[in-house]
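> So here's protein34.txt (compact mmCIF, C-alpha atoms).
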```txt
# COMPACT_ATOMS: atom_id res chain seq x y z
CA MET A 1 -24.69 67.15 -16.41
CA ILE A 2 -27.09 65.40 -14.03
CA ILE A 3 -26.72 61.73 -13.10
CA GLN A 4 -29.74 59.98 -11.62
CA ALA A 5 -30.13 56.35 -10.62
CA GLN A 6 -33.01 54.48 -9.09
CA MET A 7 -34.00 50.89 -8.42
CA ARG A 8 -37.07 49.39 -10.04
CA ARG A 9 -38.47 45.96 -9.29
CA TYR A 10 -39.96 43.93 -12.12
CA ALA A 11 -42.01 40.82 -11.37
CA PHE A 12 -41.65 37.72 -13.51
CA ASP A 13 -44.70 35.95 -14.84
CA GLY A 14 -44.02 32.93 -12.67
CA HIS A 15 -40.57 31.82 -11.45
CA PHE A 16 -37.13 32.13 -13.05
CA THR A 17 -35.01 29.19 -11.95
CA ILE A 18 -31.32 28.44 -12.41
CA ALA A 19 -28.85 26.26 -10.49
CA ARG A 20 -28.38 28.88 -7.75
CA GLY A 21 -32.10 29.20 -7.02
CA SER A 22 -35.43 30.64 -8.12
CA ARG A 23 -36.61 34.23 -8.38
CA THR A 24 -40.00 35.86 -8.75
CA HIS A 25 -38.66 39.32 -9.61
CA VAL A 26 -35.55 41.24 -10.65
CA GLU A 27 -34.24 44.51 -9.21
CA VAL A 28 -32.85 46.74 -11.95
CA ILE A 29 -30.93 49.99 -11.49
CA GLU A 30 -32.00 52.52 -14.11
CA VAL A 31 -29.47 55.26 -14.86
CA ALA A 32 -30.34 58.57 -16.54
CA ILE A 33 -27.68 61.11 -17.49
CA THR A 34 -28.90 64.49 -18.73
CA ARG A 35 -26.80 67.15 -20.44
CA GLY A 36 -28.09 70.06 -22.50
CA GLY A 37 -31.69 68.85 -22.30
CA ILE A 38 -30.81 65.41 -23.72
CA THR A 39 -31.04 62.28 -21.56
CA GLY A 40 -29.14 59.04 -22.04
CA ILE A 41 -30.57 55.92 -20.43
CA GLY A 42 -28.81 52.79 -19.17
CA GLU A 43 -29.57 49.96 -16.81
CA CYS A 44 -27.83 47.27 -14.82
CA VAL A 45 -28.53 44.43 -12.41
CA PRO A 46 -26.46 44.05 -9.23
CA TYR A 47 -25.36 40.48 -8.54
CA ALA A 48 -24.67 39.31 -5.00
CA ARG A 49 -22.41 36.64 -6.51
CA TYR A 50 -19.99 39.47 -7.38
CA GLY A 51 -20.37 41.27 -4.05
CA GLU A 52 -22.90 43.78 -5.39
CA SER A 53 -26.18 44.99 -3.93
CA VAL A 54 -28.71 47.60 -4.96
CA GLU A 55 -27.31 49.85 -2.24
CA SER A 56 -23.66 49.39 -3.26
CA VAL A 57 -24.37 50.05 -6.92
CA LEU A 58 -26.44 53.15 -6.16
CA ALA A 59 -23.62 54.40 -3.89
CA GLN A 60 -20.99 53.88 -6.61
CA ILE A 61 -23.09 55.77 -9.15
CA GLY A 62 -23.89 58.51 -6.64
CA ALA A 63 -20.18 59.07 -5.92
CA LEU A 64 -19.32 59.81 -9.57
CA PRO A 65 -18.45 63.36 -10.57
CA GLU A 66 -21.22 64.99 -12.60
CA ASP A 67 -18.80 65.59 -15.49
CA VAL A 68 -17.81 61.91 -15.83
CA THR A 69 -16.77 60.84 -19.32
CA LEU A 70 -16.65 57.45 -21.01
CA ASP A 71 -12.86 57.38 -20.73
CA ALA A 72 -12.76 58.48 -17.08
CA LEU A 73 -15.44 55.98 -16.12
CA GLN A 74 -13.09 53.08 -16.90
CA THR A 75 -10.77 54.11 -14.06
CA LEU A 76 -13.35 55.59 -11.67
CA LEU A 77 -15.35 52.37 -11.24
CA PRO A 78 -14.36 48.71 -11.28
CA ALA A 79 -15.94 46.37 -13.78
CA GLY A 80 -19.45 45.57 -12.59
CA ALA A 81 -23.05 46.64 -12.59
CA ALA A 82 -22.52 50.33 -11.73
CA ARG A 83 -19.95 50.88 -14.48
CA ASN A 84 -22.12 48.98 -16.96
CA GLY A 85 -25.24 51.06 -16.27
CA VAL A 86 -23.40 54.40 -16.44
CA ASP A 87 -21.45 53.32 -19.55
CA CYS A 88 -24.70 52.46 -21.35
CA ALA A 89 -26.26 55.79 -20.34
CA LEU A 90 -23.21 57.74 -21.54
CA TRP A 91 -23.22 55.93 -24.89
CA ASP A 92 -26.95 56.56 -25.28
CA LEU A 93 -26.38 60.23 -24.45
CA ALA A 94 -23.55 60.49 -26.99
CA ALA A 95 -25.68 58.85 -29.69
CA LYS A 96 -28.68 61.08 -29.02
CA THR A 97 -26.48 64.19 -28.93
CA ALA A 98 -24.86 63.26 -32.26
CA GLY A 99 -28.14 62.15 -33.83
CA ARG A 100 -26.49 58.86 -34.82
CA PRO A 101 -26.75 55.30 -33.46
CA VAL A 102 -24.00 54.00 -31.19
CA HIS A 103 -22.71 51.53 -33.77
CA GLN A 104 -21.97 54.43 -36.12
CA LEU A 105 -20.14 56.34 -33.37
CA LEU A 106 -17.95 53.24 -32.94
CA SER A 107 -17.55 52.72 -36.71
CA LEU A 108 -19.15 49.28 -36.42
CA PRO A 109 -21.55 47.63 -38.84
CA ALA A 110 -25.26 47.92 -38.15
CA PRO A 111 -26.63 45.15 -35.93
CA HIS A 112 -28.60 42.42 -37.62
CA PRO A 113 -32.38 42.51 -37.12
```
Go ahead and express the file in the form of structure tokens.


Amino acid sequence: MIIQAQMRRYAFDGHFTIARGSRTHVEVIEVAITRGGITGIGECVPYARYGESVESVLAQIGALPEDVTLDALQTLLPAGAARNGVDCALWDLAAKTAGRPVHQLLSLPAPHP
């Protein structure tokens, strides 16, 4: 299994403003996990408010063992952006490998349109 993560910057069309300030862009970590020629994709956004940075999230993802599983991930990383991005990529990989959507793998009803 191969785990890759990279930062991409996406500009807003204008400014995004909330109580803590305004932004003109967002930095997103894109995670790709490939096994057996199939790639699962996930993404996350580091938040300084929670002590996260692009660098810290990339370092957490980079330190994971290549054979990480959904179950192991819950103890290998604390709750936060890195775990979220890898978790999403692993679920996407599982769904693509099984040829079924994630909600079916979890025995949940289909999402509403």

> Taking into account all atoms listed in the file, which residue in the set A:Thr17, A:Thr39, A:Ser107, A:Gln74 is nearest to A:Ile3?

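Checking each candidate against A:Ile3, we get A:Thr39 as the closest.
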
> Tell me which protein, DNA and RNA residues are within 12 Å of stretch 102-105 of chain A, counting all atoms listed in the file, leaving out same-chain ones fewer than 3 positions away, and put them as a PyMOL selection string.

chain A and resi 40+87-99+108-112

> Counting only C-alpha atoms, which residue out of A:Thr24, A:Thr75, A:Thr34, A:Ser53 sits closest to A:Ile2?

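The closest residue to A:Ile2 is A:Thr34.
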
> Which is closest to A:Met1 among A:Gly14, A:Gly80, A:Gly37, A:Gly42, if we use only C-alpha atoms?

A:Gly37

> Could you tell me how far atom CA of A:Leu106 lies from atom CA of A:Glu52, in Å and to one decimal?

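Rounded to one decimal, the two atoms are 29.5 Å apart.
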
> How far is it from atom CA of A:Gln6 to atom CA of A:Val28, in Å with one decimal?

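Straight-line distance from atom CA of A:Gln6 to atom CA of A:Val28 works out to 8.3 Å.
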
> How many Å lie between atom CA of A:Arg20 and atom CA of A:Tyr47, rounded to one decimal?

12.0 Å

> Determine, counting only C-alpha atoms, which protein, DNA and RNA residues have an atom within 12 Å of an atom of A:Gly62; residues of the same chain fewer than 6 positions away are not included. Present the result as a list of chain:residue names.

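The residues satisfying every condition are A:Ile2, A:Ile3, A:Gln4, A:Ala5, A:Gln6, A:Val31, A:Ala32, A:Ile33, A:Glu55, A:Ser56, A:Val68, A:Leu77, A:Ala82, A:Arg83, A:Val86.
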
> Rank A:Pro65, A:Pro46, A:Gly21, A:Pro101 by their smallest atom-to-atom distance to A:Asn84, using all atoms listed in the file, and report the top residue only.

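Closest to A:Asn84 of all the choices is A:Pro46.
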
> Using the file's own x, y and z axes, so that the box edges lie along x, y and z, what centre and edge lengths in Å (one decimal) does a box around every listed atom of stretch 76-88 of chain A get when 5 Å is added on each side? Give it as JSON.


```
{"center_x": -19.3, "center_y": 50.6, "center_z": -16.3, "size_x": 21.9, "size_y": 20.0, "size_z": 20.1}
```

> Of the residues A:Ile29, A:Ala81, A:His15, A:Arg35, which is the one nearest to A:Thr69, using all atoms listed in the file?

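Among A:Ile29, A:Ala81, A:His15, A:Arg35, it is A:Arg35 that comes nearest to A:Thr69.
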
> For a quick check of understanding, using only C-alpha atoms, which of A:Ala79, A:Ala11, A:Gly85, A:Glu27 has the smallest distance to A:Gly51?

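Using only C-alpha atoms, A:Gly51 sits closest to A:Ala79.
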
> Because the input lacks atoms here, generate N, CA and C atoms for stretch 73-97 of chain A and report them as a PDB file, in the frame of the given file.


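Final output, saved to selection-v5.pdb:
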```pdb
ATOM      1  N   LEU A  73     -14.642  57.000 -16.795  1.00  0.00           N
ATOM      2  CA  LEU A  73     -15.440  55.980 -16.120  1.00  0.00           C
ATOM      3  C   LEU A  73     -14.662  54.678 -15.957  1.00  0.00           C
ATOM      4  N   GLN A  74     -13.820  54.348 -16.930  1.00  0.00           N
ATOM      5  CA  GLN A  74     -13.090  53.080 -16.900  1.00  0.00           C
ATOM      6  C   GLN A  74     -12.122  52.987 -15.725  1.00  0.00           C
ATOM      7  N   THR A  75     -11.666  54.129 -15.211  1.00  0.00           N
ATOM      8  CA  THR A  75     -10.770  54.110 -14.060  1.00  0.00           C
ATOM      9  C   THR A  75     -11.478  54.501 -12.764  1.00  0.00           C
ATOM     10  N   LEU A  76     -12.628  55.155 -12.864  1.00  0.00           N
ATOM     11  CA  LEU A  76     -13.350  55.590 -11.670  1.00  0.00           C
ATOM     12  C   LEU A  76     -14.120  54.451 -11.006  1.00  0.00           C
ATOM     13  N   LEU A  77     -14.578  53.486 -11.795  1.00  0.00           N
ATOM     14  CA  LEU A  77     -15.350  52.370 -11.240  1.00  0.00           C
ATOM     15  C   LEU A  77     -14.756  51.044 -11.709  1.00  0.00           C
ATOM     16  N   PRO A  78     -14.800  50.032 -10.841  1.00  0.00           N
ATOM     17  CA  PRO A  78     -14.360  48.710 -11.280  1.00  0.00           C
ATOM     18  C   PRO A  78     -15.402  48.101 -12.211  1.00  0.00           C
ATOM     19  N   ALA A  79     -14.987  47.081 -12.941  1.00  0.00           N
ATOM     20  CA  ALA A  79     -15.940  46.370 -13.780  1.00  0.00           C
ATOM     21  C   ALA A  79     -17.072  45.857 -12.900  1.00  0.00           C
ATOM     22  N   GLY A  80     -18.298  46.022 -13.367  1.00  0.00           N
ATOM     23  CA  GLY A  80     -19.450  45.570 -12.590  1.00  0.00           C
ATOM     24  C   GLY A  80     -20.701  46.298 -13.018  1.00  0.00           C
ATOM     25  N   ALA A  81     -21.735  46.110 -12.238  1.00  0.00           N
ATOM     26  CA  ALA A  81     -23.050  46.640 -12.590  1.00  0.00           C
ATOM     27  C   ALA A  81     -23.053  48.162 -12.694  1.00  0.00           C
ATOM     28  N   ALA A  82     -22.477  48.859 -11.726  1.00  0.00           N
ATOM     29  CA  ALA A  82     -22.520  50.330 -11.730  1.00  0.00           C
ATOM     30  C   ALA A  82     -21.849  50.882 -12.989  1.00  0.00           C
ATOM     31  N   ARG A  83     -20.648  50.392 -13.286  1.00  0.00           N
ATOM     32  CA  ARG A  83     -19.950  50.880 -14.480  1.00  0.00           C
ATOM     33  C   ARG A  83     -20.733  50.550 -15.741  1.00  0.00           C
ATOM     34  N   ASN A  84     -21.334  49.371 -15.794  1.00  0.00           N
ATOM     35  CA  ASN A  84     -22.120  48.980 -16.960  1.00  0.00           C
ATOM     36  C   ASN A  84     -23.305  49.923 -17.175  1.00  0.00           C
ATOM     37  N   GLY A  85     -24.063  50.202 -16.130  1.00  0.00           N
ATOM     38  CA  GLY A  85     -25.240  51.060 -16.270  1.00  0.00           C
ATOM     39  C   GLY A  85     -24.882  52.474 -16.690  1.00  0.00           C
ATOM     40  N   VAL A  86     -23.820  53.029 -16.094  1.00  0.00           N
ATOM     41  CA  VAL A  86     -23.400  54.400 -16.440  1.00  0.00           C
ATOM     42  C   VAL A  86     -22.808  54.421 -17.856  1.00  0.00           C
ATOM     43  N   ASP A  87     -22.027  53.411 -18.212  1.00  0.00           N
ATOM     44  CA  ASP A  87     -21.450  53.320 -19.550  1.00  0.00           C
ATOM     45  C   ASP A  87     -22.549  53.314 -20.613  1.00  0.00           C
ATOM     46  N   CYS A  88     -23.586  52.518 -20.402  1.00  0.00           N
ATOM     47  CA  CYS A  88     -24.700  52.460 -21.350  1.00  0.00           C
ATOM     48  C   CYS A  88     -25.402  53.822 -21.465  1.00  0.00           C
ATOM     49  N   ALA A  89     -25.605  54.480 -20.321  1.00  0.00           N
ATOM     50  CA  ALA A  89     -26.260  55.790 -20.340  1.00  0.00           C
ATOM     51  C   ALA A  89     -25.414  56.821 -21.064  1.00  0.00           C
ATOM     52  N   LEU A  90     -24.091  56.790 -20.857  1.00  0.00           N
ATOM     53  CA  LEU A  90     -23.210  57.740 -21.540  1.00  0.00           C
ATOM     54  C   LEU A  90     -23.180  57.502 -23.045  1.00  0.00           C
ATOM     55  N   TRP A  91     -23.175  56.226 -23.460  1.00  0.00           N
ATOM     56  CA  TRP A  91     -23.220  55.930 -24.890  1.00  0.00           C
ATOM     57  C   TRP A  91     -24.544  56.366 -25.506  1.00  0.00           C
ATOM     58  N   ASP A  92     -25.640  56.132 -24.793  1.00  0.00           N
ATOM     59  CA  ASP A  92     -26.950  56.560 -25.280  1.00  0.00           C
ATOM     60  C   ASP A  92     -26.993  58.079 -25.399  1.00  0.00           C
ATOM     61  N   LEU A  93     -26.436  58.770 -24.406  1.00  0.00           N
ATOM     62  CA  LEU A  93     -26.380  60.230 -24.450  1.00  0.00           C
ATOM     63  C   LEU A  93     -25.556  60.714 -25.635  1.00  0.00           C
ATOM     64  N   ALA A  94     -24.406  60.102 -25.863  1.00  0.00           N
ATOM     65  CA  ALA A  94     -23.550  60.490 -26.990  1.00  0.00           C
ATOM     66  C   ALA A  94     -24.267  60.272 -28.318  1.00  0.00           C
ATOM     67  N   ALA A  95     -24.963  59.153 -28.451  1.00  0.00           N
ATOM     68  CA  ALA A  95     -25.680  58.850 -29.690  1.00  0.00           C
ATOM     69  C   ALA A  95     -26.815  59.840 -29.923  1.00  0.00           C
ATOM     70  N   LYS A  96     -27.574  60.121 -28.884  1.00  0.00           N
ATOM     71  CA  LYS A  96     -28.680  61.080 -29.020  1.00  0.00           C
ATOM     72  C   LYS A  96     -28.168  62.480 -29.326  1.00  0.00           C
ATOM     73  N   THR A  97     -27.072  62.871 -28.695  1.00  0.00           N
ATOM     74  CA  THR A  97     -26.480  64.190 -28.930  1.00  0.00           C
ATOM     75  C   THR A  97     -26.000  64.315 -30.380  1.00  0.00           C
TER      76      THR A  97
END
```
